[in-house]
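A.B. asks: This is upload.tsv, which holds TSV, C-alpha atoms:
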```tsv
chain	number	residue	atom	x	y	z
A	243	ALA	CA	0.47	12.68	17.10
A	244	GLY	CA	1.11	8.98	17.30
A	245	LEU	CA	2.21	6.53	19.98
A	246	GLN	CA	3.19	2.93	19.39
A	247	LEU	CA	3.65	0.37	22.17
A	248	ARG	CA	4.96	-3.17	21.72
A	249	SER	CA	4.88	-6.08	24.14
A	250	PRO	CA	7.47	-8.75	23.25
A	251	ARG	CA	6.08	-11.11	25.88
A	252	LEU	CA	2.53	-10.91	24.48
A	253	ASN	CA	3.80	-10.63	20.89
A	254	GLY	CA	1.40	-7.74	20.27
A	255	ALA	CA	1.57	-4.09	19.23
A	256	LEU	CA	-0.64	-1.09	20.01
A	257	LYS	CA	-0.53	2.08	17.92
A	258	ILE	CA	-2.48	5.26	18.69
A	259	SER	CA	-2.36	8.05	16.14
A	260	ALA	CA	-3.93	11.46	15.58
A	261	THR	CA	-3.80	13.91	12.71
A	262	ASP	CA	-4.02	17.69	12.97
A	263	PRO	CA	-7.10	18.41	10.78
A	264	PRO	CA	-7.68	21.56	8.71
A	265	ALA	CA	-9.68	24.26	10.46
A	266	SER	CA	-12.37	23.96	7.78
A	267	LEU	CA	-13.32	20.45	8.87
A	268	ASP	CA	-16.41	20.05	11.03
A	269	VAL	CA	-16.46	18.17	14.33
A	270	ASP	CA	-17.58	14.86	12.81
A	271	GLU	CA	-14.78	14.93	10.24
A	272	ALA	CA	-12.20	15.96	12.82
A	273	ALA	CA	-13.11	12.95	14.94
A	274	LYS	CA	-11.91	10.64	12.20
A	275	ALA	CA	-8.36	11.82	12.87
A	276	VAL	CA	-7.98	9.70	16.05
A	277	GLU	CA	-7.67	5.94	15.85
A	278	ALA	CA	-6.15	2.99	17.69
A	279	ASN	CA	-4.76	-0.19	16.14
A	280	TYR	CA	-3.88	-3.36	18.02
A	281	ASP	CA	-2.24	-6.44	16.47
A	282	GLN	CA	-1.76	-9.69	18.37
A	283	ILE	CA	0.00	-12.86	17.21
A	284	VAL	CA	-1.27	-16.04	18.87
A	285	SER	CA	1.12	-18.94	18.47
A	286	GLY	CA	-0.41	-21.80	16.52
A	287	VAL	CA	-3.54	-19.78	15.68
A	288	GLY	CA	-2.63	-16.68	13.66
A	289	GLU	CA	-2.54	-12.88	13.82
A	290	PHE	CA	-5.53	-10.83	14.99
A	291	GLY	CA	-5.99	-7.12	14.37
A	292	VAL	CA	-8.45	-4.56	15.76
A	293	GLN	CA	-8.91	-0.97	14.58
A	294	LEU	CA	-11.04	1.59	16.46
A	295	ARG	CA	-11.79	5.20	15.45
A	296	SER	CA	-13.16	8.00	17.58
A	297	ASN	CA	-16.19	8.39	15.29
A	298	GLY	CA	-17.37	4.86	16.14
A	299	GLU	CA	-16.00	3.07	13.09
A	300	TRP	CA	-14.19	-0.19	13.67
A	301	GLY	CA	-12.48	-3.01	11.81
A	302	VAL	CA	-11.15	-6.47	12.63
A	303	SER	CA	-8.79	-8.78	10.73
A	304	PHE	CA	-7.36	-12.26	10.97
A	305	SER	CA	-4.55	-13.94	9.04
A	306	ARG	CA	-2.59	-17.18	9.20
A	307	GLN	CA	-0.61	-19.64	7.14
A	308	VAL	CA	-2.75	-22.70	6.39
A	309	GLU	CA	-0.73	-25.86	5.82
A	310	ASP	CA	-0.94	-27.24	2.26
A	311	LEU	CA	-3.32	-24.44	1.22
A	312	GLY	CA	-1.67	-21.03	1.49
A	313	PHE	CA	-1.89	-17.73	3.36
A	314	LEU	CA	-5.38	-16.78	4.59
A	315	ARG	CA	-6.48	-13.17	5.23
A	316	THR	CA	-9.93	-12.00	6.38
A	317	THR	CA	-11.37	-8.57	7.29
A	318	LEU	CA	-14.65	-7.10	8.55
A	319	ASN	CA	-15.59	-3.49	9.36
A	320	SER	CA	-18.43	-1.49	10.91
A	321	GLN	CA	-20.05	-1.00	7.47
A	322	LEU	CA	-20.26	-4.81	7.26
A	323	ASP	CA	-17.81	-4.78	4.36
A	324	TRP	CA	-15.87	-8.04	4.47
A	325	SER	CA	-13.18	-9.87	2.56
A	326	ALA	CA	-11.58	-13.31	2.58
A	327	ASP	CA	-8.47	-14.16	0.55
A	328	LEU	CA	-6.33	-17.26	0.19
A	329	GLU	CA	-2.95	-16.80	-1.52
A	330	ARG	CA	-1.03	-19.81	-2.77
A	331	THR	CA	2.29	-20.09	-4.59
A	332	TYR	CA	2.63	-23.06	-6.94
A	333	PRO	CA	5.78	-24.87	-8.17
A	334	ALA	CA	7.57	-23.34	-11.14
A	335	VAL	CA	6.09	-24.21	-14.52
A	336	VAL	CA	7.38	-23.51	-18.04
A	337	LYS	CA	10.87	-21.92	-18.19
A	338	GLY	CA	11.07	-21.19	-14.47
A	339	VAL	CA	7.87	-19.15	-14.27
A	340	VAL	CA	6.50	-19.21	-10.70
A	341	PRO	CA	2.71	-18.65	-10.41
A	342	THR	CA	1.04	-17.19	-7.32
A	343	VAL	CA	-2.76	-17.11	-7.21
A	344	ASN	CA	-4.99	-15.21	-4.78
A	345	TYR	CA	-8.54	-16.55	-4.49
A	346	GLY	CA	-10.84	-14.04	-2.81
A	347	ALA	CA	-14.37	-12.89	-2.11
A	348	THR	CA	-16.00	-9.72	-0.75
A	349	GLN	CA	-19.55	-8.52	-0.23
A	350	ASP	CA	-19.46	-7.47	-3.91
A	351	GLY	CA	-18.52	-10.87	-5.34
A	352	MET	CA	-15.58	-13.12	-6.20
A	353	ARG	CA	-12.10	-11.94	-7.17
A	354	VAL	CA	-8.99	-13.68	-8.44
A	355	LYS	CA	-5.44	-12.36	-8.78
A	356	ALA	CA	-2.81	-14.34	-10.69
A	357	LYS	CA	0.86	-13.33	-10.66
A	358	PHE	CA	3.66	-14.93	-12.68
A	359	ASP	CA	7.29	-14.31	-11.68
A	360	ARG	CA	10.47	-15.16	-13.55
A	361	SER	CA	14.06	-14.29	-12.69
A	362	PHE	CA	17.09	-14.10	-14.99
A	363	ALA	CA	19.86	-14.39	-12.40
A	364	ASP	CA	22.70	-14.21	-14.94
A	365	LYS	CA	21.40	-10.85	-16.18
A	366	GLY	CA	20.30	-9.45	-12.82
A	367	VAL	CA	16.70	-9.08	-14.01
A	368	HIS	CA	13.41	-10.07	-12.37
A	369	THR	CA	10.11	-9.85	-14.25
A	370	SER	CA	6.48	-10.33	-13.28
A	371	TYR	CA	3.03	-10.17	-14.85
A	372	THR	CA	-0.17	-9.77	-12.82
A	373	MET	CA	-3.78	-10.09	-13.92
A	374	GLN	CA	-6.80	-9.61	-11.64
A	375	ASN	CA	-10.46	-8.69	-11.61
A	376	VAL	CA	-12.44	-6.27	-9.46
A	377	ALA	CA	-14.76	-8.18	-7.11
A	378	GLY	CA	-18.07	-8.81	-8.87
A	379	LYS	CA	-16.80	-7.86	-12.35
A	380	TYR	CA	-15.91	-10.75	-14.61
A	381	ALA	CA	-15.89	-9.36	-18.17
A	382	PRO	CA	-12.48	-9.74	-19.90
A	383	ALA	CA	-12.49	-6.01	-20.71
A	384	ASP	CA	-12.65	-5.19	-16.98
A	385	LEU	CA	-9.53	-7.17	-16.07
A	386	MET	CA	-6.57	-5.22	-14.69
A	387	HIS	CA	-3.06	-5.99	-15.95
A	388	GLU	CA	0.42	-5.10	-14.71
A	389	ALA	CA	3.85	-5.93	-16.12
A	390	ARG	CA	7.00	-5.16	-14.13
A	391	ALA	CA	10.73	-5.52	-14.70
A	392	ILE	CA	13.45	-4.96	-12.08
A	393	ALA	CA	17.05	-4.71	-13.22
A	394	SER	CA	20.42	-3.95	-11.64
A	395	LEU	CA	21.82	-0.73	-13.07
A	396	GLY	CA	24.78	1.43	-12.07
A	397	GLY	CA	25.05	-0.03	-8.59
A	398	GLY	CA	21.33	0.46	-7.97
A	399	ARG	CA	17.97	-1.02	-8.92
A	400	LEU	CA	15.74	0.22	-11.74
A	401	THR	CA	12.05	-0.73	-11.74
A	402	ALA	CA	9.78	-0.20	-14.75
A	403	THR	CA	6.05	-0.84	-14.48
A	404	THR	CA	3.23	-0.72	-17.03
A	405	SER	CA	-0.41	-1.17	-16.05
A	406	TYR	CA	-3.86	-1.25	-17.64
A	407	ASP	CA	-6.99	-0.37	-15.68
A	408	ARG	CA	-10.21	0.44	-17.51
A	409	ARG	CA	-11.44	2.43	-14.52
A	410	ASN	CA	-8.94	5.12	-15.50
A	411	SER	CA	-11.17	6.00	-18.44
A	412	LYS	CA	-9.10	8.89	-19.82
A	413	VAL	CA	-5.72	7.14	-19.63
A	414	PRO	CA	-6.23	3.40	-18.94
A	415	VAL	CA	-2.60	2.54	-19.77
A	416	ARG	CA	-0.07	4.01	-17.35
A	417	GLY	CA	3.58	3.54	-16.54
A	418	SER	CA	6.12	4.33	-13.85
A	419	LEU	CA	9.87	4.35	-13.35
A	420	ALA	CA	11.75	4.05	-10.05
A	421	TYR	CA	15.44	3.98	-9.24
A	422	ALA	CA	17.07	3.18	-5.91
A	423	ALA	CA	20.77	3.26	-5.08
A	424	LYS	CA	22.96	3.03	-1.99
A	425	LEU	CA	25.92	5.36	-1.71
A	426	ARG	CA	28.63	5.30	0.93
A	427	ALA	CA	26.78	7.45	3.43
A	428	ALA	CA	23.23	7.57	2.11
A	429	ALA	CA	20.49	5.77	0.22
A	430	LEU	CA	18.60	7.56	-2.55
A	431	GLU	CA	15.32	6.75	-4.27
A	432	ALA	CA	13.51	8.54	-7.09
A	433	SER	CA	10.28	7.61	-8.85
A	434	VAL	CA	7.82	9.10	-11.29
A	435	ASP	CA	4.41	7.88	-12.40
A	436	PHE	CA	1.25	9.32	-13.93
A	437	ASP	CA	0.30	11.20	-10.75
A	438	ARG	CA	3.47	12.27	-8.95
A	439	LEU	CA	7.23	12.67	-8.70
A	440	ARG	CA	8.78	11.33	-5.48
A	441	LEU	CA	12.28	11.68	-3.98
A	442	LYS	CA	13.63	10.03	-0.82
A	443	ALA	CA	17.02	10.25	0.87
A	444	SER	CA	18.12	8.51	4.07
A	445	ALA	CA	21.34	8.43	6.09
A	446	LYS	CA	22.26	7.50	9.67
A	447	GLY	CA	18.71	7.25	11.00
A	448	VAL	CA	17.43	10.35	9.19
A	449	GLN	CA	15.03	10.10	6.24
A	450	VAL	CA	13.55	12.87	4.12
A	451	THR	CA	10.79	12.27	1.55
A	452	ALA	CA	9.17	14.76	-0.80
A	453	ALA	CA	6.47	14.20	-3.44
A	454	ILE	CA	4.68	16.54	-5.82
A	455	GLY	CA	1.95	16.01	-8.40
A	456	THR	CA	2.97	15.84	-12.04
A	457	ARG	CA	0.21	18.29	-12.96
A	458	ALA	CA	-1.92	21.02	-11.36
A	459	SER	CA	-4.96	18.92	-10.42
A	460	LEU	CA	-6.29	20.94	-7.44
A	461	ASP	CA	-9.34	23.17	-7.94
A	462	ASP	CA	-7.58	26.16	-6.36
A	463	ALA	CA	-4.37	27.15	-8.14
A	464	LYS	CA	-3.08	28.60	-4.84
A	465	SER	CA	-3.47	25.28	-3.01
A	466	GLY	CA	-0.65	22.80	-2.64
A	467	ILE	CA	2.32	23.99	-4.69
A	468	HIS	CA	0.97	26.04	-7.59
A	469	GLY	CA	-2.12	23.83	-7.73
A	470	ARG	CA	-0.18	20.57	-7.44
A	471	PRO	CA	-0.72	18.28	-4.43
A	472	ALA	CA	2.44	17.73	-2.42
A	473	GLU	CA	3.67	15.71	0.56
A	474	LEU	CA	6.65	16.16	2.88
A	475	GLU	CA	7.96	13.77	5.53
A	476	LEU	CA	10.88	13.81	7.94
A	477	LYS	CA	11.93	10.82	10.05
A	478	VAL	CA	14.56	10.97	12.77
A	479	GLY	CA	14.96	7.65	14.54
A	480	LYS	CA	11.50	6.57	15.69
A	481	VAL	CA	9.97	10.03	15.37
A	482	SER	CA	8.34	11.13	12.11
A	483	ALA	CA	6.49	14.25	11.02
A	484	SER	CA	4.60	14.61	7.75
A	485	ALA	CA	2.48	17.20	5.99
A	486	LYS	CA	0.06	16.92	3.07
A	487	LEU	CA	-0.48	20.07	1.04
A	488	ARG	CA	-3.83	20.09	-0.73
A	489	GLU	CA	-6.90	22.34	-0.51
A	490	GLY	CA	-7.16	24.34	2.71
A	491	LYS	CA	-4.79	24.06	5.66
A	492	PRO	CA	-1.97	21.48	5.38
A	493	ARG	CA	-2.65	18.17	7.14
A	494	VAL	CA	0.10	17.56	9.69
A	495	ARG	CA	0.79	14.20	11.33
A	496	LEU	CA	3.27	13.25	14.08
A	497	ASP	CA	4.17	9.66	15.01
A	498	VAL	CA	6.38	8.39	17.81
A	499	GLY	CA	7.35	4.72	18.10
A	500	LEU	CA	8.43	3.27	21.43
```
Could you render the structure as structure tokens?

C.D. replies:
Amino acid sequence: AGLQLRSPRLNGALKISATDPPASLDVDEAAKAVEANYDQIVSGVGEFGVQLRSNGEWGVSFSRQVEDLGFLRTTLNSQLDWSADLERTYPAVVKGVVPTVNYGATQDGMRVKAKFDRSFADKGVHTSYTMQNVAGKYAPADLMHEARAIASLGGGRLTATTSYDRRNSKVPVRGSLAYAAKLRAAALEASVDFDRLRLKASAKGVQVTAAIGTRASLDDAKSGIHGRPAELELKVGKVSASAKLREGKPRVRLDVGL
């Protein structure tokens, strides 16, 4: 179950959530299902975030816009894993290409993410190319790449993405397609990638989402849906219920926003 409280006067938000764990989980694992998140915006300073879990784990974050530099984000958790990132968008360069660079560091080393955006307004097309490294890995062969194109099509929006990640050793090059359209009474979205097929429909405050794996990847062929992982979610107003079907008992989650 989940409960979310907001205080307009304090400009903060508290969210408490819990997940119904499978019966096969032990007590220590079940405790991870309860957590509290609090976010607070302090005018002129930035946004602070605190995350607490019932098993003793915690995390803190801070972010703010730094004048003439960019957007700063920092995190720290109970495992002493930390990160600091500064994202800056530069003026357009050759042929209207807009570069955005994220300079970052973690306990594992430095990381850089460069994104280049270009729009073709007359054709209703937006394109982008992103290149980044995993913190601490600097060899050219380890760089991750992503190319994306978004185009207007049939009253909706079609998004095509191609990526390269050497960590996916069997299939390092992957792609995805997504289409979103608004009808008179409803909005529909459909997407497919290497791992799953996803459908979403929403109308008048009600939203239904369903996703299923593109292949039977679970160890037990009777788990999920014929060995394929699946997810279901229903939202009605500020109440949402979701279920994840994998090995063992389905994981059920309920959230209520106030």

A.B. asks: Residues at most 6 Å from Arg295 of chain A, counting all atoms listed in the file, excluding those fewer than 3 positions away in the same chain, as a ChimeraX atom specification?

C.D. replies: /A:276-277,298-299

A.B. asks: Work out how far apart atom CA of Tyr371 of chain A and atom CA of Ala443 of chain A are and give it in Å to one decimal.

C.D. replies: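 Answer for the atom CA of Tyr371 of chain A to atom CA of Ala443 of chain A separation: 29.3 Å.
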
A.B. asks: Within 12 Å of (-20.4, -11.7, -6.5) in the file's own coordinates, which protein, DNA or RNA residues have an atom, counting all atoms listed in the file? List them as a list in words.

C.D. replies: Ser325, Gly346, Ala347, Thr348, Gln349, Asp350, Gly351, Met352, Arg353, Val354, Asn375, Val376, Ala377, Gly378, Lys379 and Tyr380 of chain A

A.B. asks: What would the list of residues within 9 Å of (19.3, 7.4, -1.7) (file frame) look like as a PDB file with C-alpha atoms, in the frame of the given file, if all atoms listed in the file are what count?

C.D. replies:
```
ATOM      1  CA  ALA A 422      17.070   3.180  -5.910  1.00  0.00           C
ATOM      2  CA  ALA A 423      20.770   3.260  -5.080  1.00  0.00           C
ATOM      3  CA  LYS A 424      22.960   3.030  -1.990  1.00  0.00           C
ATOM      4  CA  LEU A 425      25.920   5.360  -1.710  1.00  0.00           C
ATOM      5  CA  ALA A 428      23.230   7.570   2.110  1.00  0.00           C
ATOM      6  CA  ALA A 429      20.490   5.770   0.220  1.00  0.00           C
ATOM      7  CA  LEU A 430      18.600   7.560  -2.550  1.00  0.00           C
ATOM      8  CA  GLU A 431      15.320   6.750  -4.270  1.00  0.00           C
ATOM      9  CA  ALA A 432      13.510   8.540  -7.090  1.00  0.00           C
ATOM     10  CA  LEU A 441      12.280  11.680  -3.980  1.00  0.00           C
ATOM     11  CA  LYS A 442      13.630  10.030  -0.820  1.00  0.00           C
ATOM     12  CA  ALA A 443      17.020  10.250   0.870  1.00  0.00           C
ATOM     13  CA  SER A 444      18.120   8.510   4.070  1.00  0.00           C
ATOM     14  CA  ALA A 445      21.340   8.430   6.090  1.00  0.00           C
TER      15      ALA A 445
END
```

A.B. asks: To one decimal place in Å, what is the distance between atom CA of Ser285 of chain A and atom CA of Thr331 of chain A?

C.D. replies: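 Interatomic distance here is 23.1 Å.
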
A.B. asks: For segment 472-474 of chain A, find every residue with an atom within 9 Å (counting only C-alpha atoms), except residues of its own chain fewer than 2 positions away, and show them as number ranges by chain.

C.D. replies: A: 438, 450-455, 466-467, 470, 476, 483-488

A.B. asks: Got a sec: who's within 8 Å of Phe436 of chain A, counting all atoms listed in the file, leaving out chain neighbours fewer than 2 positions off, as a list in words?

C.D. replies: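 Near neighbours after the sequence-gap exclusion: Arg416, Gly417, Ser418, Val434, Arg438 and Thr456 of chain A.
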
A.B. asks: With all atoms listed in the file as the atoms that count, which of A:Arg408, A:Arg315, A:His387, A:Arg399 lies nearest to Ser303 of chain A?

C.D. replies: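 Comparing A:Arg408, A:Arg315, A:His387, A:Arg399 against Ser303 of chain A, the winner is A:Arg315.
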
A.B. asks: Can you measure atom CA of Leu328 of chain A to atom CA of Ala363 of chain A for me? One decimal in Å is fine.

C.D. replies: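 For atom CA of Leu328 of chain A relative to atom CA of Ala363 of chain A, the distance reads 29.2 Å.
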
A.B. asks: A:Ile258, A:Val308, A:Val494, A:Val292: which is nearest Ala278 of chain A, counting only C-alpha atoms?

C.D. replies: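 So, comparing all the options, the nearest one is A:Ile258.
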
A.B. asks: Measuring between all atoms listed in the file, which one of A:Glu475, A:Asp461, A:Ala326, A:Phe313 shows the shortest distance to Glu489 of chain A?

C.D. replies: A:Asp461

A.B. asks: Let me make sure I understand: among A:Ser459, A:Thr401, A:Gly490, A:Ser296, which one has the smallest atom-to-atom distance to Ser259 of chain A if we use only C-alpha atoms?

C.D. replies: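 Among the listed residues, A:Ser296 lies closest to Ser259 of chain A.
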
A.B. asks: Take every atom of segment 361-371 of chain A listed in the file, pad by 4 Å on each side, and give me the axis-aligned box centre and edge lengths in Å, one decimal, as lines of an AutoDock Vina configuration file.

C.D. replies:
```
center_x = 12.9
center_y = -11.7
center_z = -14.3
size_x = 27.7
size_y = 13.3
size_z = 11.8
```
